[in-house]
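Structure data (PDB, C-alpha atoms) from data-v6.pdb:
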ATOM      1  CA  MET A   1     -26.969   1.312 -31.575
ATOM      2  CA  LEU A   2     -24.220  -0.674 -29.859
ATOM      3  CA  GLN A   3     -20.770   0.706 -30.658
ATOM      4  CA  LEU A   4     -17.858  -1.716 -30.166
ATOM      5  CA  LEU A   5     -14.467  -0.045 -29.887
ATOM      6  CA  ASP A   6     -11.210  -1.759 -30.835
ATOM      7  CA  LEU A   7      -9.507   0.019 -27.956
ATOM      8  CA  ALA A   8      -5.979  -1.308 -28.429
ATOM      9  CA  GLY A   9      -6.058  -0.307 -32.071
ATOM     10  CA  ILE A  10      -7.380   3.102 -31.109
ATOM     11  CA  TYR A  11      -4.723   3.894 -28.527
ATOM     12  CA  PHE A  12      -1.893   2.661 -30.776
ATOM     13  CA  ARG A  13      -3.216   4.889 -33.560
ATOM     14  CA  ALA A  14      -3.574   7.814 -31.167
ATOM     15  CA  PHE A  15      -0.036   7.342 -29.858
ATOM     16  CA  PHE A  16       1.484   7.728 -33.309
ATOM     17  CA  ALA A  17      -0.887  10.512 -34.367
ATOM     18  CA  VAL A  18      -0.253  12.828 -31.400
ATOM     19  CA  PRO A  19       3.311  13.955 -30.530
ATOM     20  CA  THR A  20       4.919  12.486 -27.418
ATOM     21  CA  SER A  21       5.713  16.062 -26.443
ATOM     22  CA  THR A  22       2.063  16.181 -25.287
ATOM     23  CA  THR A  23       2.594  15.669 -21.561
ATOM     24  CA  SER A  24       0.860  15.752 -18.203
ATOM     25  CA  PRO A  25       1.632  18.465 -15.613
ATOM     26  CA  ASP A  26       4.437  16.283 -14.241
ATOM     27  CA  GLY A  27       6.012  15.853 -17.675
ATOM     28  CA  ARG A  28       4.879  12.331 -18.564
ATOM     29  CA  PRO A  29       3.590  11.694 -22.111
ATOM     30  CA  VAL A  30      -0.202  11.518 -22.389
ATOM     31  CA  ASN A  31      -0.445  11.699 -26.177
ATOM     32  CA  ALA A  32      -2.138   8.303 -26.500
ATOM     33  CA  VAL A  33      -4.627   9.206 -23.772
ATOM     34  CA  ARG A  34      -5.525  12.561 -25.301
ATOM     35  CA  GLY A  35      -5.704  11.155 -28.815
ATOM     36  CA  SER A  36      -7.847   8.200 -27.746
ATOM     37  CA  LEU A  37     -10.316  10.435 -25.919
ATOM     38  CA  ASP A  38     -10.645  12.631 -29.006
ATOM     39  CA  ILE A  39     -11.183   9.617 -31.265
ATOM     40  CA  LEU A  40     -13.889   8.330 -28.930
ATOM     41  CA  ALA A  41     -15.521  11.758 -28.786
ATOM     42  CA  LYS A  42     -15.566  11.920 -32.588
ATOM     43  CA  VAL A  43     -16.991   8.446 -33.257
ATOM     44  CA  ILE A  44     -19.573   8.708 -30.461
ATOM     45  CA  ALA A  45     -20.691  12.140 -31.678
ATOM     46  CA  ASP A  46     -20.970  10.843 -35.247
ATOM     47  CA  ALA A  47     -22.840   7.603 -34.531
ATOM     48  CA  ARG A  48     -24.776   8.643 -31.381
ATOM     49  CA  PRO A  49     -24.849   5.126 -29.910
ATOM     50  CA  THR A  50     -26.958   4.299 -26.868
ATOM     51  CA  ARG A  51     -24.501   1.578 -25.837
ATOM     52  CA  VAL A  52     -20.684   1.554 -26.027
ATOM     53  CA  ILE A  53     -18.234  -1.220 -25.126
ATOM     54  CA  ALA A  54     -14.468  -0.744 -25.371
ATOM     55  CA  CYS A  55     -12.823  -4.083 -26.213
ATOM     56  CA  LEU A  56      -9.324  -5.051 -25.077
ATOM     57  CA  ASP A  57      -6.567  -7.461 -26.083
ATOM     58  CA  LEU A  58      -6.113  -9.686 -23.030
ATOM     59  CA  ASP A  59      -3.791 -11.807 -25.158
ATOM     60  CA  TRP A  60      -2.468 -10.074 -28.253
ATOM     61  CA  ARG A  61      -0.891 -13.293 -29.628
ATOM     62  CA  PRO A  62      -2.978 -16.277 -28.440
ATOM     63  CA  ALA A  63      -1.153 -19.586 -28.156
ATOM     64  CA  TRP A  64      -3.888 -21.433 -30.038
ATOM     65  CA  ARG A  65      -3.312 -19.235 -33.095
ATOM     66  CA  VAL A  66       0.482 -19.549 -32.844
ATOM     67  CA  GLU A  67       0.155 -23.341 -32.608
ATOM     68  CA  LEU A  68      -1.621 -23.328 -35.966
ATOM     69  CA  ILE A  69       0.650 -20.753 -37.666
ATOM     70  CA  PRO A  70       3.928 -20.216 -35.744
ATOM     71  CA  SER A  71       4.742 -17.058 -37.713
ATOM     72  CA  TYR A  72       1.608 -15.348 -36.405
ATOM     73  CA  LYS A  73       2.698 -11.858 -35.255
ATOM     74  CA  THR A  74       6.258 -13.128 -34.686
ATOM     75  CA  HIS A  75       7.718  -9.890 -36.049
ATOM     76  CA  ARG A  76       6.028  -7.984 -33.212
ATOM     77  CA  VAL A  77       7.637 -10.075 -30.474
ATOM     78  CA  LEU A  78      10.445  -8.462 -28.489
ATOM     79  CA  ASP A  79      12.505 -11.675 -28.649
ATOM     80  CA  PRO A  80      11.501 -13.501 -31.853
ATOM     81  CA  GLN A  81      13.942 -16.355 -31.054
ATOM     82  CA  SER A  82      11.664 -17.466 -28.213
ATOM     83  CA  ALA A  83       8.403 -16.737 -30.029
ATOM     84  CA  LEU A  84       7.813 -20.345 -31.056
ATOM     85  CA  THR A  85       8.127 -21.779 -27.566
ATOM     86  CA  THR A  86       6.448 -19.273 -25.259
ATOM     87  CA  THR A  87       2.925 -19.696 -23.942
ATOM     88  CA  PRO A  88       0.465 -17.132 -22.605
ATOM     89  CA  LEU A  89       0.590 -16.139 -18.988
ATOM     90  CA  ASP A  90      -2.527 -16.366 -16.861
ATOM     91  CA  VAL A  91      -4.405 -13.088 -16.810
ATOM     92  CA  ALA A  92      -6.616 -11.622 -14.150
ATOM     93  CA  ASP A  93     -10.377 -12.084 -14.387
ATOM     94  CA  THR A  94     -10.919  -8.379 -14.869
ATOM     95  CA  PRO A  95     -10.703  -6.867 -18.351
ATOM     96  CA  HIS A  96      -8.557  -4.104 -16.860
ATOM     97  CA  SER A  97      -5.576  -6.447 -17.134
ATOM     98  CA  GLY A  98      -5.485  -5.827 -20.866
ATOM     99  CA  ALA A  99      -2.472  -3.557 -21.051
ATOM    100  CA  PRO A 100       0.127  -4.316 -23.708
ATOM    101  CA  GLY A 101       2.172  -7.429 -23.027
ATOM    102  CA  ALA A 102      -0.514  -9.532 -21.296
ATOM    103  CA  SER A 103       0.964 -12.752 -22.710
ATOM    104  CA  ALA A 104       4.331 -14.418 -22.219
ATOM    105  CA  ASP A 105       5.432 -13.122 -25.622
ATOM    106  CA  ILE A 106       6.338  -9.484 -25.047
ATOM    107  CA  GLU A 107       4.989  -7.242 -27.778
ATOM    108  CA  VAL A 108       7.187  -4.458 -29.047
ATOM    109  CA  VAL A 109       5.431  -1.430 -27.567
ATOM    110  CA  PRO A 110       6.887   2.088 -27.328
ATOM    111  CA  ASP A 111       8.151   2.785 -23.802
ATOM    112  CA  GLU A 112       5.995   5.914 -23.614
ATOM    113  CA  LEU A 113       2.772   4.050 -24.482
ATOM    114  CA  SER A 114       2.498   1.273 -21.895
ATOM    115  CA  PRO A 115       2.113   3.572 -18.847
ATOM    116  CA  GLN A 116      -0.675   5.454 -20.595
ATOM    117  CA  VAL A 117      -3.012   2.463 -20.972
ATOM    118  CA  PRO A 118      -3.984   2.227 -17.266
ATOM    119  CA  ILE A 119      -4.645   5.981 -17.258
ATOM    120  CA  LEU A 120      -6.982   5.626 -20.209
ATOM    121  CA  LEU A 121      -8.787   2.703 -18.579
ATOM    122  CA  ASP A 122      -9.205   4.678 -15.342
ATOM    123  CA  LEU A 123     -10.670   7.599 -17.285
ATOM    124  CA  LEU A 124     -13.114   5.343 -19.114
ATOM    125  CA  ALA A 125     -14.175   3.765 -15.812
ATOM    126  CA  ALA A 126     -14.809   7.188 -14.259
ATOM    127  CA  LEU A 127     -16.782   8.212 -17.339
ATOM    128  CA  GLY A 128     -18.852   5.038 -17.138
ATOM    129  CA  ILE A 129     -17.791   3.502 -20.464
ATOM    130  CA  THR A 130     -17.975  -0.281 -20.332
ATOM    131  CA  ILE A 131     -14.803  -2.362 -20.850
ATOM    132  CA  ALA A 132     -14.732  -5.950 -22.149
ATOM    133  CA  GLY A 133     -12.063  -8.594 -22.637
ATOM    134  CA  ALA A 134     -11.577 -12.351 -22.843
ATOM    135  CA  PRO A 135      -8.587 -14.215 -21.348
ATOM    136  CA  GLY A 136      -6.626 -15.916 -24.107
ATOM    137  CA  TYR A 137      -8.236 -13.888 -26.882
ATOM    138  CA  GLU A 138      -7.651 -10.726 -28.860
ATOM    139  CA  ALA A 139      -9.897  -7.672 -29.032
ATOM    140  CA  ASP A 140     -11.015  -8.852 -32.489
ATOM    141  CA  ASP A 141     -12.434 -11.995 -30.866
ATOM    142  CA  VAL A 142     -14.200  -9.978 -28.173
ATOM    143  CA  ILE A 143     -15.762  -7.820 -30.879
ATOM    144  CA  GLY A 144     -16.655 -10.869 -32.968
ATOM    145  CA  THR A 145     -18.337 -12.546 -30.013
ATOM    146  CA  LEU A 146     -20.292  -9.480 -28.926
ATOM    147  CA  ALA A 147     -21.364  -8.671 -32.492
ATOM    148  CA  ALA A 148     -22.456 -12.244 -33.192
ATOM    149  CA  GLY A 149     -24.445 -12.394 -29.975
ATOM    150  CA  GLU A 150     -26.227  -9.059 -30.338
ATOM    151  CA  ARG A 151     -29.949  -9.468 -30.921
ATOM    152  CA  ALA A 152     -31.427  -6.087 -29.989
ATOM    153  CA  ASP A 153     -29.512  -3.192 -31.563
ATOM    154  CA  PRO A 154     -27.581  -2.540 -34.758
ATOM    155  CA  VAL A 155     -23.828  -2.693 -34.157
ATOM    156  CA  GLU A 156     -21.020  -0.415 -35.290
ATOM    157  CA  VAL A 157     -17.423  -1.617 -34.901
ATOM    158  CA  VAL A 158     -14.789   1.133 -34.679
ATOM    159  CA  THR A 159     -11.360  -0.065 -35.780
ATOM    160  CA  GLY A 160      -8.308   0.574 -37.906
ATOM    161  CA  ASP A 161      -7.915  -3.165 -38.575
ATOM    162  CA  ARG A 162      -9.317  -4.431 -41.885
ATOM    163  CA  ASP A 163      -9.529  -7.955 -40.412
ATOM    164  CA  LEU A 164     -12.736  -6.834 -38.723
ATOM    165  CA  PHE A 165     -14.429  -6.290 -42.091
ATOM    166  CA  GLN A 166     -15.358  -9.935 -41.702
ATOM    167  CA  VAL A 167     -17.889  -9.187 -38.932
ATOM    168  CA  ALA A 168     -20.002  -6.901 -41.126
ATOM    169  CA  ARG A 169     -23.463  -8.263 -41.835
ATOM    170  CA  ASP A 170     -26.540  -6.810 -43.479
ATOM    171  CA  ASN A 171     -29.221  -8.989 -41.894
ATOM    172  CA  GLU A 172     -30.855  -7.550 -38.765
ATOM    173  CA  PRO A 173     -29.470  -6.456 -36.459
ATOM    174  CA  ALA A 174     -26.938  -5.164 -38.951
ATOM    175  CA  VAL A 175     -23.224  -4.882 -38.171
ATOM    176  CA  THR A 176     -21.198  -2.130 -39.846
ATOM    177  CA  VAL A 177     -17.509  -1.280 -39.517
ATOM    178  CA  ARG A 178     -16.304   2.305 -39.091
ATOM    179  CA  TYR A 179     -12.792   1.991 -40.503
ATOM    180  CA  ILE A 180     -10.379   4.641 -39.176
ATOM    181  CA  GLY A 181      -7.189   3.122 -40.562
ATOM    182  CA  ALA A 182      -6.736   5.899 -43.100
ATOM    183  CA  GLY A 183      -7.147   8.621 -40.460
ATOM    184  CA  MET A 184     -10.152  10.176 -38.785
ATOM    185  CA  SER A 185     -10.750  12.641 -41.605
ATOM    186  CA  LYS A 186     -11.088   9.712 -44.039
ATOM    187  CA  ALA A 187     -13.085   7.378 -41.783
ATOM    188  CA  SER A 188     -15.662   5.353 -43.704
ATOM    189  CA  VAL A 189     -18.502   3.108 -42.580
ATOM    190  CA  TYR A 190     -18.643  -0.278 -44.320
ATOM    191  CA  SER A 191     -21.611  -2.587 -44.569
ATOM    192  CA  ALA A 192     -21.247  -6.213 -45.654
ATOM    193  CA  ALA A 193     -22.274  -5.153 -49.153
ATOM    194  CA  THR A 194     -19.706  -2.329 -49.174
ATOM    195  CA  VAL A 195     -16.920  -4.734 -48.194
ATOM    196  CA  ALA A 196     -18.012  -7.168 -50.901
ATOM    197  CA  ARG A 197     -17.994  -4.438 -53.553
ATOM    198  CA  ARG A 198     -14.633  -3.028 -52.507
ATOM    199  CA  TYR A 199     -12.847  -6.376 -52.777
ATOM    200  CA  ALA A 200     -15.045  -7.997 -55.474
ATOM    201  CA  ILE A 201     -15.864 -10.926 -53.216
ATOM    202  CA  PRO A 202     -19.109 -12.536 -52.014
ATOM    203  CA  GLU A 203     -20.627 -11.043 -48.874
ATOM    204  CA  GLY A 204     -19.287 -12.638 -45.702
ATOM    205  CA  SER A 205     -16.139 -14.047 -47.306
ATOM    206  CA  TYR A 206     -13.561 -11.439 -46.261
ATOM    207  CA  ALA A 207     -11.760 -13.787 -43.829
ATOM    208  CA  ASP A 208     -11.253 -16.420 -46.551
ATOM    209  CA  PHE A 209     -10.065 -13.749 -48.974
ATOM    210  CA  ALA A 210      -7.599 -12.439 -46.367
ATOM    211  CA  ALA A 211      -6.304 -15.929 -45.575
ATOM    212  CA  LEU A 212      -5.546 -16.556 -49.247
ATOM    213  CA  ARG A 213      -3.724 -13.298 -49.964
ATOM    214  CA  GLY A 214      -1.988 -13.230 -46.552
ATOM    215  CA  ASP A 215      -1.195 -10.301 -44.291
ATOM    216  CA  PRO A 216       2.439  -9.400 -43.508
ATOM    217  CA  SER A 217       1.297  -7.170 -40.618
ATOM    218  CA  ASP A 218       0.023 -10.291 -38.841
ATOM    219  CA  GLY A 219       2.721 -12.679 -40.000
ATOM    220  CA  LEU A 220       0.324 -14.569 -42.306
ATOM    221  CA  PRO A 221       2.210 -15.691 -45.414
ATOM    222  CA  GLY A 222      -0.800 -16.343 -47.634
ATOM    223  CA  VAL A 223      -0.337 -18.320 -50.836
ATOM    224  CA  PRO A 224       2.812 -17.150 -52.678
ATOM    225  CA  GLY A 225       1.858 -15.634 -56.005
ATOM    226  CA  VAL A 226      -1.752 -14.965 -54.965
ATOM    227  CA  GLY A 227      -2.612 -11.295 -54.516
ATOM    228  CA  ASP A 228      -5.851  -9.431 -54.010
ATOM    229  CA  LYS A 229      -7.242  -9.947 -57.506
ATOM    230  CA  THR A 230      -6.476 -13.658 -57.704
ATOM    231  CA  ALA A 231      -7.700 -14.271 -54.165
ATOM    232  CA  ALA A 232     -10.977 -12.496 -54.974
ATOM    233  CA  THR A 233     -11.401 -14.580 -58.143
ATOM    234  CA  LEU A 234     -10.778 -17.850 -56.306
ATOM    235  CA  ILE A 235     -13.112 -17.035 -53.413
ATOM    236  CA  SER A 236     -15.823 -15.835 -55.804
ATOM    237  CA  ARG A 237     -15.541 -19.103 -57.722
ATOM    238  CA  PHE A 238     -15.197 -21.570 -54.858
ATOM    239  CA  GLY A 239     -16.904 -19.720 -51.995
ATOM    240  CA  SER A 240     -14.374 -20.342 -49.235
ATOM    241  CA  VAL A 241     -10.938 -21.744 -48.519
ATOM    242  CA  GLU A 242     -12.585 -25.060 -47.644
ATOM    243  CA  GLY A 243     -14.384 -25.052 -51.005
ATOM    244  CA  LEU A 244     -11.112 -24.298 -52.751
ATOM    245  CA  LEU A 245      -9.392 -27.201 -50.978
ATOM    246  CA  GLU A 246     -12.207 -29.534 -52.015
ATOM    247  CA  ALA A 247     -11.766 -28.442 -55.611
ATOM    248  CA  LEU A 248      -8.017 -28.960 -55.293
ATOM    249  CA  ASP A 249      -8.463 -32.492 -53.933
ATOM    250  CA  GLU A 250     -11.022 -33.337 -56.616
ATOM    251  CA  ARG A 251      -8.738 -31.997 -59.368
ATOM    252  CA  SER A 252     -11.337 -29.440 -60.439
ATOM    253  CA  THR A 253     -11.019 -28.215 -64.013
ATOM    254  CA  GLY A 254     -11.680 -24.731 -62.627
ATOM    255  CA  LEU A 255      -8.011 -24.514 -61.626
ATOM    256  CA  THR A 256      -5.124 -24.012 -64.019
ATOM    257  CA  ALA A 257      -2.043 -26.179 -63.695
ATOM    258  CA  GLY A 258      -0.026 -23.236 -62.426
ATOM    259  CA  MET A 259      -2.609 -22.265 -59.813
ATOM    260  CA  ARG A 260      -3.009 -25.889 -58.727
ATOM    261  CA  SER A 261       0.751 -26.056 -58.170
ATOM    262  CA  LYS A 262       0.730 -22.904 -56.016
ATOM    263  CA  LEU A 263      -2.206 -24.111 -53.938
ATOM    264  CA  LEU A 264      -0.758 -27.602 -53.457
ATOM    265  CA  ALA A 265       2.485 -26.068 -52.175
ATOM    266  CA  ALA A 266       0.471 -24.026 -49.652
ATOM    267  CA  ARG A 267      -2.027 -26.753 -48.743
ATOM    268  CA  ASP A 268      -0.845 -27.184 -45.143
ATOM    269  CA  TYR A 269      -1.173 -23.426 -44.590
ATOM    270  CA  LEU A 270      -4.642 -23.344 -46.148
ATOM    271  CA  LEU A 271      -5.835 -26.142 -43.869
ATOM    272  CA  VAL A 272      -5.286 -23.972 -40.766
ATOM    273  CA  ALA A 273      -5.319 -20.372 -41.988
ATOM    274  CA  PRO A 274      -9.104 -19.857 -41.826
ATOM    275  CA  ARG A 275      -9.147 -20.791 -38.135
ATOM    276  CA  VAL A 276      -6.430 -18.219 -37.444
ATOM    277  CA  VAL A 277      -7.909 -15.417 -39.547
ATOM    278  CA  ARG A 278     -11.547 -15.827 -38.593
ATOM    279  CA  VAL A 279     -12.467 -14.037 -35.388
ATOM    280  CA  SER A 280     -13.972 -16.116 -32.612
ATOM    281  CA  THR A 281     -17.667 -15.797 -31.932
ATOM    282  CA  ASP A 282     -17.652 -17.763 -28.680
ATOM    283  CA  ALA A 283     -14.854 -16.161 -26.639
ATOM    284  CA  PRO A 284     -15.432 -16.107 -22.844
ATOM    285  CA  VAL A 285     -16.050 -12.373 -22.725
ATOM    286  CA  THR A 286     -16.076 -10.545 -19.398
ATOM    287  CA  VAL A 287     -17.794  -7.161 -19.294
ATOM    288  CA  ALA A 288     -17.135  -4.553 -16.603
ATOM    289  CA  PRO A 289     -19.362  -3.257 -15.247
ATOM    290  CA  ASP A 290     -21.599  -6.230 -15.964
ATOM    291  CA  GLY A 291     -24.499  -5.131 -18.101
ATOM    292  CA  PRO A 292     -25.564  -4.088 -21.599
ATOM    293  CA  GLY A 293     -22.957  -1.348 -21.952
ATOM    294  CA  THR A 294     -25.388   1.553 -21.752
ATOM    295  CA  LEU A 295     -23.613   4.839 -22.444
ATOM    296  CA  PRO A 296     -24.284   7.225 -19.533
ATOM    297  CA  ALA A 297     -25.288  10.815 -20.252
ATOM    298  CA  GLU A 298     -22.791  12.050 -17.674
ATOM    299  CA  PRO A 299     -19.731  10.677 -15.831
ATOM    300  CA  VAL A 300     -20.542   8.037 -13.242
ATOM    301  CA  ASP A 301     -17.702   9.102 -10.913
ATOM    302  CA  PRO A 302     -17.206  12.879 -11.248
ATOM    303  CA  ALA A 303     -14.812  13.086  -8.294
ATOM    304  CA  ALA A 304     -12.469  10.422  -9.681
ATOM    305  CA  LEU A 305     -12.687  11.979 -13.126
ATOM    306  CA  SER A 306     -11.770  15.392 -11.743
ATOM    307  CA  ASP A 307      -8.717  13.932  -9.990
ATOM    308  CA  LEU A 308      -7.608  12.175 -13.191
ATOM    309  CA  ILE A 309      -8.036  15.319 -15.268
ATOM    310  CA  ARG A 310      -5.993  17.327 -12.773
ATOM    311  CA  ALA A 311      -3.235  14.709 -12.538
ATOM    312  CA  HIS A 312      -2.854  14.141 -16.270
ATOM    313  CA  GLY A 313      -3.886  17.441 -17.838
ATOM    314  CA  VAL A 314      -6.562  15.944 -20.104
ATOM    315  CA  GLY A 315      -9.386  18.380 -19.401
ATOM    316  CA  GLY A 316      -9.975  19.394 -23.027
ATOM    317  CA  PRO A 317     -10.378  15.957 -24.629
ATOM    318  CA  THR A 318     -12.309  14.673 -21.609
ATOM    319  CA  ALA A 319     -14.746  17.570 -21.902
ATOM    320  CA  ARG A 320     -15.213  16.823 -25.602
ATOM    321  CA  LEU A 321     -15.972  13.175 -24.845
ATOM    322  CA  VAL A 322     -18.398  14.110 -22.066
ATOM    323  CA  ALA A 323     -20.163  16.486 -24.481
ATOM    324  CA  ALA A 324     -20.485  13.673 -27.031
ATOM    325  CA  MET A 325     -21.923  11.386 -24.356
ATOM    326  CA  GLU A 326     -24.465  14.032 -23.375
ATOM    327  CA  ARG A 327     -25.601  14.523 -26.962
ATOM    328  CA  GLY A 328     -25.976  10.801 -27.461
TER     329      GLY A 328
END

Write out the structure in this file as structure tokens.
Amino acid sequence: MLQLLDLAGIYFRAFFAVPTSTTSPDGRPVNAVRGSLDILAKVIADARPTRVIACLDLDWRPAWRVELIPSYKTHRVLDPQSALTTTPLDVADTPHSGAPGASADIEVVPDELSPQVPILLDLLAALGITIAGAPGYEADDVIGTLAAGERADPVEVVTGDRDLFQVARDNEPAVTVRYIGAGMSKASVYSAATVARRYAIPEGSYADFAALRGDPSDGLPGVPGVGDKTAATLISRFGSVEGLLEALDERSTGLTAGMRSKLLAARDYLLVAPRVVRVSTDAPVTVAPDGPGTLPAEPVDPAALSDLIRAHGVGGPTARLVAAMERG
């Protein structure tokens, strides 16, 4: 199995789950580091993958998405007044440049979190866990590209972001999503069929469903007056947003006058929303170290790992992750 980790989502979740009073020997917070290592230990022990790739946001708010929907993630920008005019900065070729704030728009990130990301990346490098990123793209796009291109092994995506339900597929090699958004104790693994049953939609149509209902956490307005149930009904009937727009243009009798009015008012949004919501499957992904992402049975750089453990006081969670790697 290839396990793809939504690393940014994991370390944000870990930061808020573990108290900032969890510090290194010199008093700096390491709560996100410790929490992330424990999450990785848990999901690796549960799934026992032979390959693991941690995927980064090298641009958390890509300009090409903002150009299509200017409100995309605007509420997360430090200075929303400039959010509509800023463009991404160039990023280094290495995926290790994926710390928060890699674009010109500065994401609102807790002061105690940003310094912890390089520490986590250094620990993963010493352990031998592969890192991947794509300049100008989000971690979701990296995961979408790697999942779409996988031909050898089944894939498990580990994330707290429901947007990635769209990558689930049941044809071989299958792609499942281990959703940790409700907490590790309530983590569930979703297949494409499970996603379809949960939302009462056709398999493979989650992105269209999400575009219709919208997502305030991503600044996607959706169609006013269309919630989960209505969105599911429309996608089940018309198959996709594009199919719905065709029906709208052809004055399909499958639409009530009231629904037609709502959809016509949101037509410009619906023309671009699928491109924003759907993850890319052709992002220019860089993998470091270059290779298939094989999970080593033991740390690749024990000396560096020992130094990092000593400096940051993360011996316990690191040992748990190493044990999970050994069992895999």

Would you compute the distance between atom CA of Leu127 of chain A and atom CA of Ala8 of chain A? Give it in Å to one decimal.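 Calculated distance between atom CA of Leu127 of chain A and atom CA of Ala8 of chain A is 18.2 Å.
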
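Nearest residue to Pro284 of chain A among A:Pro115, A:Gly144, A:Leu7, A:Thr20 is A:Gly144, counting only C-alpha atoms.
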
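The shell of residues at most 10 Å from Leu271 of chain A, with all atoms listed in the file counted and near chain neighbours (fewer than 2 positions) removed, consists of Leu68, Val241, Glu242, Leu245, Ala266, Arg267, Asp268, Tyr269, Ala273, Pro274 and Arg275 of chain A.
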
Pairwise distance for atom CA of Thr233 of chain A and atom CA of Ser191 of chain A, rounded to one decimal in Å: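 About the pair atom CA of Thr233 of chain A and atom CA of Ser191 of chain A: they are 20.8 Å apart.
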
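A straight line drawn from atom CA of Gly160 of chain A to atom CA of Gly183 of chain A is 8.5 Å long.
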
Going by the chain IDs and residue numbers used in this file, which residues fall under the PyMOL selection byres ((chain A and resi 31-44) around 7)? Write them as a compact mmCIF listing (two decimals) with C-alpha atoms, in the coordinates of the input.
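And here's expr-v4.txt as it stands now:
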# COMPACT_ATOMS: atom_id res chain seq x y z
CA ILE A 10 -7.38 3.10 -31.11
CA TYR A 11 -4.72 3.89 -28.53
CA ALA A 14 -3.57 7.81 -31.17
CA PHE A 15 -0.04 7.34 -29.86
CA VAL A 18 -0.25 12.83 -31.40
CA PRO A 19 3.31 13.96 -30.53
CA THR A 20 4.92 12.49 -27.42
CA THR A 22 2.06 16.18 -25.29
CA THR A 23 2.59 15.67 -21.56
CA PRO A 29 3.59 11.69 -22.11
CA VAL A 30 -0.20 11.52 -22.39
CA ALA A 45 -20.69 12.14 -31.68
CA ASP A 46 -20.97 10.84 -35.25
CA ALA A 47 -22.84 7.60 -34.53
CA ARG A 48 -24.78 8.64 -31.38
CA PRO A 49 -24.85 5.13 -29.91
CA LEU A 113 2.77 4.05 -24.48
CA GLN A 116 -0.68 5.45 -20.60
CA LEU A 120 -6.98 5.63 -20.21
CA VAL A 314 -6.56 15.94 -20.10
CA PRO A 317 -10.38 15.96 -24.63
CA THR A 318 -12.31 14.67 -21.61
CA ARG A 320 -15.21 16.82 -25.60
CA LEU A 321 -15.97 13.18 -24.84
CA ALA A 324 -20.48 13.67 -27.03

My list of candidates is A:Tyr179, A:Phe16, A:Phe238, A:Tyr137. Which is closest to Glu112 of chain A when distances are computed with all atoms listed in the file?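 Between A:Tyr179, A:Phe16, A:Phe238, A:Tyr137, the residue approaching Glu112 of chain A most closely is A:Phe16.
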
Could you give me, as a PyMOL selection string, the residues within 8 Å of Val189 of chain A, counting only C-alpha atoms and dropping anything in the same chain fewer than 3 positions from it? chain A and resi 176-179

Could those selected residues go to a file with C-alpha atoms, as a tab-separated table (two decimals), in the frame of the given file?
chain	number	residue	atom	x	y	z
A	176	THR	CA	-21.20	-2.13	-39.85
A	177	VAL	CA	-17.51	-1.28	-39.52
A	178	ARG	CA	-16.30	2.31	-39.09
A	179	TYR	CA	-12.79	1.99	-40.50

Measuring between all atoms listed in the file, which one of A:Arg162, A:Arg51, A:Tyr199, A:Asp6 shows the shortest distance to Ala182 of chain A? A:Arg162

Expansion of the PyMOL selection byres ((chain A and resi 281) around 12) into residues, as a PDB file with C-alpha atoms, keeping the file's coordinate frame:
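See out_27.pdb below for the written result:
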ATOM      1  CA  ALA A 134     -11.577 -12.351 -22.843  1.00  0.00           C
ATOM      2  CA  TYR A 137      -8.236 -13.888 -26.882  1.00  0.00           C
ATOM      3  CA  GLU A 138      -7.651 -10.726 -28.860  1.00  0.00           C
ATOM      4  CA  ALA A 139      -9.897  -7.672 -29.032  1.00  0.00           C
ATOM      5  CA  ASP A 140     -11.015  -8.852 -32.489  1.00  0.00           C
ATOM      6  CA  ASP A 141     -12.434 -11.995 -30.866  1.00  0.00           C
ATOM      7  CA  VAL A 142     -14.200  -9.978 -28.173  1.00  0.00           C
ATOM      8  CA  ILE A 143     -15.762  -7.820 -30.879  1.00  0.00           C
ATOM      9  CA  GLY A 144     -16.655 -10.869 -32.968  1.00  0.00           C
ATOM     10  CA  THR A 145     -18.337 -12.546 -30.013  1.00  0.00           C
ATOM     11  CA  LEU A 146     -20.292  -9.480 -28.926  1.00  0.00           C
ATOM     12  CA  ALA A 147     -21.364  -8.671 -32.492  1.00  0.00           C
ATOM     13  CA  ALA A 148     -22.456 -12.244 -33.192  1.00  0.00           C
ATOM     14  CA  GLY A 149     -24.445 -12.394 -29.975  1.00  0.00           C
ATOM     15  CA  GLU A 150     -26.227  -9.059 -30.338  1.00  0.00           C
ATOM     16  CA  GLN A 166     -15.358  -9.935 -41.702  1.00  0.00           C
ATOM     17  CA  VAL A 167     -17.889  -9.187 -38.932  1.00  0.00           C
ATOM     18  CA  ARG A 275      -9.147 -20.791 -38.135  1.00  0.00           C
ATOM     19  CA  ARG A 278     -11.547 -15.827 -38.593  1.00  0.00           C
ATOM     20  CA  VAL A 279     -12.467 -14.037 -35.388  1.00  0.00           C
ATOM     21  CA  SER A 280     -13.972 -16.116 -32.612  1.00  0.00           C
ATOM     22  CA  ASP A 282     -17.652 -17.763 -28.680  1.00  0.00           C
ATOM     23  CA  ALA A 283     -14.854 -16.161 -26.639  1.00  0.00           C
ATOM     24  CA  PRO A 284     -15.432 -16.107 -22.844  1.00  0.00           C
ATOM     25  CA  VAL A 285     -16.050 -12.373 -22.725  1.00  0.00           C
TER      26      VAL A 285
END

Nearest residue to Met259 of chain A from the set A:Ala323, A:Pro296, A:Leu56, A:Val223 (distances using only C-alpha atoms): A:Val223

Excluding Gly214 of chain A and any residue of its chain fewer than 2 positions from it, enumerate the residues within 12 Å of it, using all atoms listed in the file, and give them as a PyMOL selection string. chain A and resi 69+71-72+163+206-212+216-228+231+266+269-270+273-274+276-277

Among the residues A:Ala303, A:Val175, A:Leu234, A:Ala168, the one that comes closest to Val195 of chain A [using all atoms listed in the file]: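 Smallest distance to Val195 of chain A is found for A:Ala168.
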